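Chemist: One file is attached below, target_12.cif, containing mmCIF, C-alpha atoms.
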```
data_structure
#
loop_
_atom_site.label_atom_id
_atom_site.label_comp_id
_atom_site.auth_asym_id
_atom_site.auth_seq_id
_atom_site.Cartn_x
_atom_site.Cartn_y
_atom_site.Cartn_z
CA ASN A 160 0.00 0.00 0.00
CA ALA A 161 1.23 3.48 -0.87
CA GLY A 162 -0.73 5.08 1.99
CA VAL A 163 -1.09 8.84 1.49
CA THR A 164 0.60 10.27 -1.59
CA GLN A 165 1.15 13.98 -2.11
CA THR A 166 2.31 15.69 -5.28
CA PRO A 167 4.35 17.70 -5.96
CA LYS A 168 7.02 17.42 -3.25
CA PHE A 169 8.35 20.91 -3.97
CA GLN A 170 6.84 23.93 -5.67
CA VAL A 171 7.81 27.56 -6.20
CA LEU A 172 5.05 29.99 -7.13
CA LYS A 173 4.96 33.64 -7.92
CA THR A 174 2.63 35.88 -5.96
CA GLY A 175 -0.82 35.77 -7.50
CA GLN A 176 -0.44 32.42 -9.21
CA SER A 177 -2.83 29.59 -8.48
CA MET A 178 -2.10 25.89 -8.14
CA THR A 179 -3.50 22.64 -6.82
CA LEU A 180 -1.76 20.37 -4.35
CA GLN A 181 -2.74 16.79 -4.94
CA CYS A 182 -3.46 14.19 -2.26
CA ALA A 183 -4.52 10.59 -2.75
CA GLN A 184 -4.95 7.73 -0.29
CA ASP A 185 -5.49 4.04 -0.94
CA MET A 186 -6.67 2.96 2.51
CA ASN A 187 -10.37 3.62 1.84
CA HIS A 188 -10.44 6.19 4.62
CA GLU A 189 -13.46 8.44 4.74
CA TYR A 190 -11.78 11.24 6.68
CA MET A 191 -9.14 13.42 5.03
CA SER A 192 -7.57 16.69 6.07
CA TRP A 193 -5.02 19.29 5.07
CA TYR A 194 -2.55 20.88 7.49
CA ARG A 195 0.18 23.45 7.08
CA GLN A 196 3.35 23.60 9.11
CA ASP A 197 5.30 26.82 9.43
CA PRO A 198 8.89 26.85 10.76
CA GLY A 199 9.08 26.13 14.48
CA MET A 200 5.37 25.59 14.72
CA GLY A 201 2.97 22.73 14.87
CA LEU A 202 0.49 21.64 12.25
CA ARG A 203 -2.56 23.82 11.73
CA LEU A 204 -5.72 22.47 10.14
CA ILE A 205 -6.76 24.14 6.88
CA HIS A 206 -9.72 22.08 5.64
CA TYR A 207 -11.08 18.64 6.25
CA SER A 208 -13.57 16.22 4.74
CA VAL A 209 -15.65 13.52 6.39
CA GLY A 210 -16.46 11.82 3.10
CA ALA A 211 -16.99 12.34 -0.61
CA GLY A 212 -18.96 15.52 -1.25
CA ILE A 213 -18.54 16.86 2.29
CA THR A 214 -15.90 19.40 3.29
CA ASP A 215 -15.52 21.92 6.08
CA GLN A 216 -13.13 24.61 7.24
CA GLY A 217 -10.42 24.18 9.81
CA GLU A 218 -8.44 26.74 11.76
CA VAL A 219 -6.77 28.57 8.84
CA PRO A 220 -8.94 28.19 5.70
CA ASN A 221 -8.53 31.61 4.10
CA GLY A 222 -6.94 31.53 0.66
CA TYR A 223 -7.58 27.82 0.14
CA ASN A 224 -10.33 25.78 -1.49
CA VAL A 225 -10.99 22.06 -1.35
CA SER A 226 -13.36 19.58 -2.93
CA ARG A 227 -13.89 15.85 -2.44
CA SER A 228 -15.40 14.11 -5.43
CA THR A 229 -14.02 10.67 -4.59
CA THR A 230 -13.03 8.82 -1.42
CA GLU A 231 -9.43 8.60 -2.62
CA ASP A 232 -8.63 12.18 -3.59
CA PHE A 233 -8.64 15.46 -1.68
CA PRO A 234 -6.95 18.28 -3.63
CA LEU A 235 -6.09 21.63 -2.06
CA ARG A 236 -6.31 24.70 -4.27
CA LEU A 237 -4.47 27.94 -3.69
CA LEU A 238 -6.53 30.60 -5.39
CA SER A 239 -4.02 33.46 -5.51
CA ALA A 240 -0.74 32.59 -3.84
CA ALA A 241 0.72 34.98 -1.27
CA PRO A 242 4.13 34.90 0.47
CA SER A 243 2.29 34.14 3.74
CA GLN A 244 1.33 30.80 2.23
CA THR A 245 4.96 29.71 2.10
CA SER A 246 4.84 26.58 4.22
CA VAL A 247 4.98 22.80 4.23
CA TYR A 248 1.60 21.25 3.53
CA PHE A 249 0.59 17.84 4.82
CA CYS A 250 -2.38 15.79 3.79
CA ALA A 251 -3.72 13.19 6.19
CA SER A 252 -6.33 10.47 6.18
CA SER A 253 -7.97 8.52 8.98
CA GLU A 254 -10.74 6.04 9.51
CA THR A 255 -14.24 7.28 9.98
CA GLY A 256 -15.47 7.83 13.45
CA GLY A 257 -14.98 10.01 16.41
CA GLY A 258 -12.17 10.07 18.85
CA SER A 259 -9.70 7.35 18.88
CA THR A 260 -8.08 6.86 15.51
CA GLU A 261 -4.66 7.88 14.30
CA ALA A 262 -4.06 9.98 11.22
CA PHE A 263 -1.80 8.85 8.40
CA PHE A 264 0.20 11.62 6.79
CA GLY A 265 1.73 12.11 3.37
CA GLN A 266 5.35 13.20 2.94
CA GLY A 267 4.40 16.83 2.51
CA THR A 268 4.63 19.50 -0.17
CA ARG A 269 7.12 22.29 0.44
CA LEU A 270 5.68 25.44 -1.13
CA THR A 271 7.55 28.69 -1.58
CA VAL A 272 5.74 31.80 -2.78
CA VAL A 273 8.00 34.57 -4.06
CA ASP B 131 -4.37 31.27 22.67
CA GLN B 132 -2.45 28.07 22.02
CA GLN B 133 -4.45 25.13 23.29
CA VAL B 134 -1.67 22.55 23.14
CA LYS B 135 1.75 23.61 24.36
CA GLN B 136 5.08 21.87 24.23
CA ASN B 137 7.24 24.24 26.22
CA SER B 138 10.58 22.61 25.46
CA PRO B 139 11.60 23.22 21.84
CA SER B 140 14.49 20.79 22.19
CA LEU B 141 15.81 17.98 24.36
CA SER B 142 19.14 16.19 24.26
CA VAL B 143 19.78 12.86 26.03
CA GLN B 144 22.42 10.18 26.04
CA GLU B 145 21.77 6.85 24.39
CA GLY B 146 20.32 4.37 26.86
CA ARG B 147 18.90 7.03 29.15
CA ILE B 148 15.27 8.06 29.54
CA SER B 149 13.76 10.80 27.37
CA ILE B 150 10.78 12.67 28.82
CA LEU B 151 8.80 14.94 26.53
CA ASN B 152 6.09 17.10 28.04
CA CYS B 153 2.84 18.55 26.77
CA ASP B 154 0.24 20.80 28.40
CA TYR B 155 -3.24 21.62 27.19
CA THR B 156 -5.85 24.19 28.13
CA ASN B 157 -9.05 22.93 26.50
CA SER B 158 -11.08 20.81 28.94
CA MET B 159 -12.95 19.30 26.00
CA PHE B 160 -9.87 17.43 24.82
CA ASP B 161 -10.47 13.78 25.39
CA TYR B 162 -7.96 11.94 23.26
CA PHE B 163 -4.25 12.58 22.97
CA LEU B 164 -1.70 11.40 20.42
CA TRP B 165 2.02 11.60 19.95
CA TYR B 166 3.51 11.76 16.47
CA LYS B 167 7.12 11.45 15.45
CA LYS B 168 8.53 13.32 12.48
CA TYR B 169 11.81 12.88 10.65
CA PRO B 170 13.10 15.63 8.32
CA ALA B 171 11.47 15.71 4.88
CA GLU B 172 8.85 13.16 5.97
CA GLY B 173 5.31 13.39 7.23
CA PRO B 174 4.45 12.77 10.89
CA THR B 175 3.90 9.16 11.87
CA PHE B 176 1.72 8.01 14.72
CA LEU B 177 3.56 6.80 17.80
CA ILE B 178 1.20 6.27 20.70
CA SER B 179 -2.10 7.58 22.04
CA ILE B 180 -4.09 7.76 25.24
CA SER B 181 -7.73 8.28 26.06
CA SER B 182 -8.82 10.41 28.98
CA ILE B 183 -10.28 7.36 30.72
CA LYS B 184 -6.72 6.10 31.23
CA ASP B 185 -3.72 7.60 32.97
CA LYS B 186 -1.08 5.47 31.30
CA ASN B 187 -0.54 3.67 28.02
CA GLU B 188 2.52 1.65 27.18
CA ASP B 189 3.87 0.33 23.88
CA GLY B 190 7.32 -1.17 24.03
CA ARG B 191 9.84 1.53 24.88
CA PHE B 192 7.20 4.23 24.75
CA THR B 193 4.86 5.17 27.59
CA VAL B 194 2.45 8.08 27.72
CA PHE B 195 1.18 9.40 31.04
CA LEU B 196 -1.88 11.60 31.39
CA ASN B 197 -2.68 13.82 34.35
CA LYS B 198 -6.14 15.21 33.65
CA SER B 199 -6.34 17.41 36.72
CA ALA B 200 -3.11 19.15 35.70
CA LYS B 201 -3.97 19.03 31.98
CA HIS B 202 -0.56 17.55 31.37
CA LEU B 203 0.78 14.57 29.51
CA SER B 204 4.25 13.22 29.01
CA LEU B 205 5.94 10.76 26.71
CA HIS B 206 8.67 8.56 28.18
CA ILE B 207 11.13 6.75 25.95
CA VAL B 208 13.22 4.11 27.69
CA PRO B 209 15.90 3.33 26.70
CA SER B 210 16.51 6.12 24.21
CA GLN B 211 18.19 5.19 20.95
CA PRO B 212 19.89 7.37 18.30
CA GLY B 213 17.12 6.42 15.85
CA ASP B 214 14.65 8.16 18.17
CA SER B 215 16.15 11.51 17.21
CA ALA B 216 13.25 13.36 15.58
CA VAL B 217 10.62 16.02 16.22
CA TYR B 218 7.82 14.83 18.50
CA PHE B 219 4.39 16.42 18.27
CA CYS B 220 1.70 16.21 20.89
CA ALA B 221 -1.84 16.39 19.50
CA ALA B 222 -5.28 16.47 21.09
CA SER B 223 -8.89 16.13 19.98
CA PRO B 224 -12.25 16.51 21.75
CA PHE B 225 -14.62 13.66 22.49
CA LEU B 226 -15.99 11.97 19.38
CA THR B 227 -13.79 14.08 17.10
CA ASN B 228 -11.77 12.32 14.46
CA ALA B 229 -8.03 12.24 15.00
CA GLY B 230 -7.66 13.87 11.58
CA LYS B 231 -8.98 17.05 13.16
CA SER B 232 -6.47 17.31 15.97
CA THR B 233 -4.87 20.36 17.54
CA PHE B 234 -1.08 20.13 17.52
CA GLY B 235 1.64 21.51 19.74
CA ASP B 236 4.73 23.14 18.23
CA GLY B 237 6.88 20.06 18.68
CA THR B 238 9.99 19.09 20.63
CA THR B 239 13.18 18.15 18.81
CA LEU B 240 14.77 15.16 20.52
CA THR B 241 18.43 14.42 19.97
CA VAL B 242 19.78 11.13 21.30
CA LYS B 243 23.57 11.13 21.44
CA PRO B 244 25.46 7.84 20.96
#
```
Could I get this structure in the form of structure tokens?
Modeler:
Amino acid sequence: NAGVTQTPKFQVLKTGQSMTLQCAQDMNHEYMSWYRQDPGMGLRLIHYSVGAGITDQGEVPNGYNVSRSTTEDFPLRLLSAAPSQTSVYFCASSETGGGSTEAFFGQGTRLTVV
Amino acid sequence: DQQVKQNSPSLSVQEGRISILNCDYTNSMFDYFLWYKKYPAEGPTFLISISSIKDKNEDGRFTVFLNKSAKHLSLHIVPSQPGDSAVYFCAASPFLTNAGKSTFGDGTTLTVKP
């Protein structure tokens, strides 16, 4: 099993450009989420999805869009990149249900906005 | 206001000794706690978890202790090995909330010296 796969691993954008970070999982998990990690800080939740067709905002959603058309895929779209969005982005998936399940993370996408 | 705090950005221990990583939280609704380990250029990987109905959970060399009255948890690694050198994140989620929607601390970088 590949687990959670993120592409690309690295990306440099110019201010104002848009792009989509891809995330795919092969564990048939219903729950998927996007986090960003800034230097010296923990992971902050951007958006999450409890299943295909259902998404919701996390702690820092501004400037990002998501959609969930399939169980496997959960792309994150940057609408108009800003230098403040320079960060490492992690996608995660976990089994459905409340409370006690672990999240499985992808390797991350390191994004630089110049 | 940061709800999950790891007040020690770094910790250095000798191989074979005990490593103790600490985490404090402020949100009384947090019911489930996880520790993740992260190597450079990789995503976080789940290490161990504990529910609020327990005060201790053990898995091999790793033990997590929870003190609900103090809103404090700690991760003990005994004996520490050089391969344990990584960033450790404490994460928390409220009752019946999926682990993919956790609140993370800023992490503690553990260095285990041979």
Chemist: Kindly provide, as number ranges by chain, the residues of chain A having any atom no farther than 12 Å from an atom of chain B, counting all atoms listed in the file.
Modeler: A: 162-165, 168-169, 188-209, 215-218, 247-269
Chemist: How far is it from atom CA of A:Leu180 to atom CA of A:Pro234, in Å with one decimal?
Modeler: 5.6 Å
Chemist: Which polymer residues have any atom within 10 Å of an atom of A:Gln170, counting all atoms listed in the file, with same-chain residues fewer than 3 positions away left out, as JSON, numbers by chain?
Modeler: {"A": [166, 167, 178, 180, 245, 268, 269, 270, 271, 272]}
Chemist: Work out where the centre of an axis-aligned box around every listed atom of stretch 170-181 of chain A lies and how long its edges are once 5 Å is added on each side; give both in Å to one decimal as AutoDock Vina command-line options.
Modeler:
```
--center_x 2.2 --center_y 26.3 --center_z -6.8 --size_x 21.3 --size_y 29.1 --size_z 14.9
```
Chemist: Please evaluate the PyMOL selection byres ((chain B and resi 199-201) around 6) against the structure above and give the resulting residues as JSON, numbers by chain.
Modeler: {"B": [154, 155, 197, 198, 202]}
Chemist: Save out the residues we just selected, C-alpha atoms, as a PDB file, in the frame of the given file.
Modeler:
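Result file follows (selection-v2.pdb):
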```
ATOM      1  CA  ASP B 154       0.240  20.800  28.400  1.00  0.00           C
ATOM      2  CA  TYR B 155      -3.240  21.620  27.190  1.00  0.00           C
ATOM      3  CA  ASN B 197      -2.680  13.820  34.350  1.00  0.00           C
ATOM      4  CA  LYS B 198      -6.140  15.210  33.650  1.00  0.00           C
ATOM      5  CA  HIS B 202      -0.560  17.550  31.370  1.00  0.00           C
TER       6      HIS B 202
END
```
Chemist: Atom CA of B:Glu145 to atom CA of B:Val194: how many Å, to one decimal?
Modeler: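 Taking atom CA of B:Glu145 as the start and atom CA of B:Val194 as the end point, the length is 19.6 Å.
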Chemist: Considering all atoms listed in the file, can you say which of A:Met186, A:Val219, A:Leu172, A:Ile213 comes closest to A:Ser239?
Modeler: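 Ranked by minimum distance to A:Ser239, first place goes to A:Leu172.
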Chemist: As a check of understanding, name the residues that the PyMOL selection byres ((chain B and resi 209-216) around 7) selects in the supplied structure, as a ChimeraX atom specification.
Modeler: /B:145-149,167-169,191,207-208,217-218,239-244
Chemist: Please report the interatomic distance between atom CA of A:Glu231 and atom CA of A:Ala183 in Å with one decimal.
Modeler: 5.3 Å
Chemist: Near B:Leu151, within 8 Å and counting only C-alpha atoms, which residues show up once chain neighbours fewer than 2 positions away are dropped, as a list of chain:residue names?
Modeler: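 Skipping anything fewer than 2 positions along the chain leaves B:Ser138, B:Leu141, B:Ser149, B:Cys153, B:Ser204, B:Leu205, B:His206, B:Thr238.
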Chemist: Using all atoms listed in the file, can you tell me which of A:Gln244, A:Thr179, A:Thr174, A:Gln184 comes closest to A:Thr230?
Modeler: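 Between A:Gln244, A:Thr179, A:Thr174, A:Gln184, the residue approaching A:Thr230 most closely is A:Gln184.
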Chemist: Around (-15.7, 9.8, -4.5) in the file's frame, which residues reach within 9 Å when counting all atoms listed in the file? Return as a compact mmCIF listing (two decimals) with C-alpha atoms, keeping the file's coordinate frame?
Modeler:
```txt
# COMPACT_ATOMS: atom_id res chain seq x y z
CA GLY A 210 -16.46 11.82 3.10
CA ALA A 211 -16.99 12.34 -0.61
CA GLY A 212 -18.96 15.52 -1.25
CA ARG A 227 -13.89 15.85 -2.44
CA SER A 228 -15.40 14.11 -5.43
CA THR A 229 -14.02 10.67 -4.59
CA THR A 230 -13.03 8.82 -1.42
CA GLU A 231 -9.43 8.60 -2.62
CA ASP A 232 -8.63 12.18 -3.59
```
Chemist: Please reconstruct the missing atoms of stretch 166-180 of chain A (target: N, CA and C atoms) and return them as an mmCIF file, in the frame of the given file.
Modeler:
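Okay, this is what ended up in rebuild11.cif:
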```cif
data_model
loop_
_atom_site.group_PDB
_atom_site.id
_atom_site.type_symbol
_atom_site.label_atom_id
_atom_site.label_comp_id
_atom_site.auth_asym_id
_atom_site.auth_seq_id
_atom_site.Cartn_x
_atom_site.Cartn_y
_atom_site.Cartn_z
ATOM 1 N N THR A 166 1.513 15.139 -4.182
ATOM 2 C CA THR A 166 2.310 15.690 -5.280
ATOM 3 C C THR A 166 1.950 17.152 -5.482
ATOM 4 N N PRO A 167 2.934 18.009 -5.868
ATOM 5 C CA PRO A 167 4.350 17.700 -5.960
ATOM 6 C C PRO A 167 5.017 17.706 -4.583
ATOM 7 N N LYS A 168 6.280 17.351 -4.509
ATOM 8 C CA LYS A 168 7.020 17.420 -3.250
ATOM 9 C C LYS A 168 7.526 18.849 -3.001
ATOM 10 N N PHE A 169 7.857 19.536 -4.066
ATOM 11 C CA PHE A 169 8.350 20.910 -3.970
ATOM 12 C C PHE A 169 7.665 21.763 -5.027
ATOM 13 N N GLN A 170 7.436 23.023 -4.710
ATOM 14 C CA GLN A 170 6.840 23.930 -5.670
ATOM 15 C C GLN A 170 7.220 25.368 -5.334
ATOM 16 N N VAL A 171 7.576 26.132 -6.357
ATOM 17 C CA VAL A 171 7.810 27.560 -6.200
ATOM 18 C C VAL A 171 6.774 28.290 -7.051
ATOM 19 N N LEU A 172 6.073 29.212 -6.443
ATOM 20 C CA LEU A 172 5.050 29.990 -7.130
ATOM 21 C C LEU A 172 5.377 31.472 -7.047
ATOM 22 N N LYS A 173 4.887 32.191 -8.007
ATOM 23 C CA LYS A 173 4.960 33.640 -7.920
ATOM 24 C C LYS A 173 3.671 34.152 -7.260
ATOM 25 N N THR A 174 3.803 35.271 -6.583
ATOM 26 C CA THR A 174 2.630 35.880 -5.960
ATOM 27 C C THR A 174 1.520 36.064 -6.987
ATOM 28 N N GLY A 175 0.324 35.628 -6.614
ATOM 29 C CA GLY A 175 -0.820 35.770 -7.500
ATOM 30 C C GLY A 175 -1.135 34.531 -8.327
ATOM 31 N N GLN A 176 -0.187 33.633 -8.444
ATOM 32 C CA GLN A 176 -0.440 32.420 -9.210
ATOM 33 C C GLN A 176 -1.347 31.479 -8.409
ATOM 34 N N SER A 177 -1.993 30.595 -9.138
ATOM 35 C CA SER A 177 -2.830 29.590 -8.480
ATOM 36 C C SER A 177 -2.236 28.213 -8.770
ATOM 37 N N MET A 178 -2.542 27.270 -7.900
ATOM 38 C CA MET A 178 -2.100 25.890 -8.140
ATOM 39 C C MET A 178 -2.913 24.949 -7.254
ATOM 40 N N THR A 179 -2.815 23.683 -7.585
ATOM 41 C CA THR A 179 -3.500 22.640 -6.820
ATOM 42 C C THR A 179 -2.485 21.650 -6.285
ATOM 43 N N LEU A 180 -2.553 21.416 -4.989
ATOM 44 C CA LEU A 180 -1.760 20.370 -4.350
ATOM 45 C C LEU A 180 -2.597 19.101 -4.339
#
```
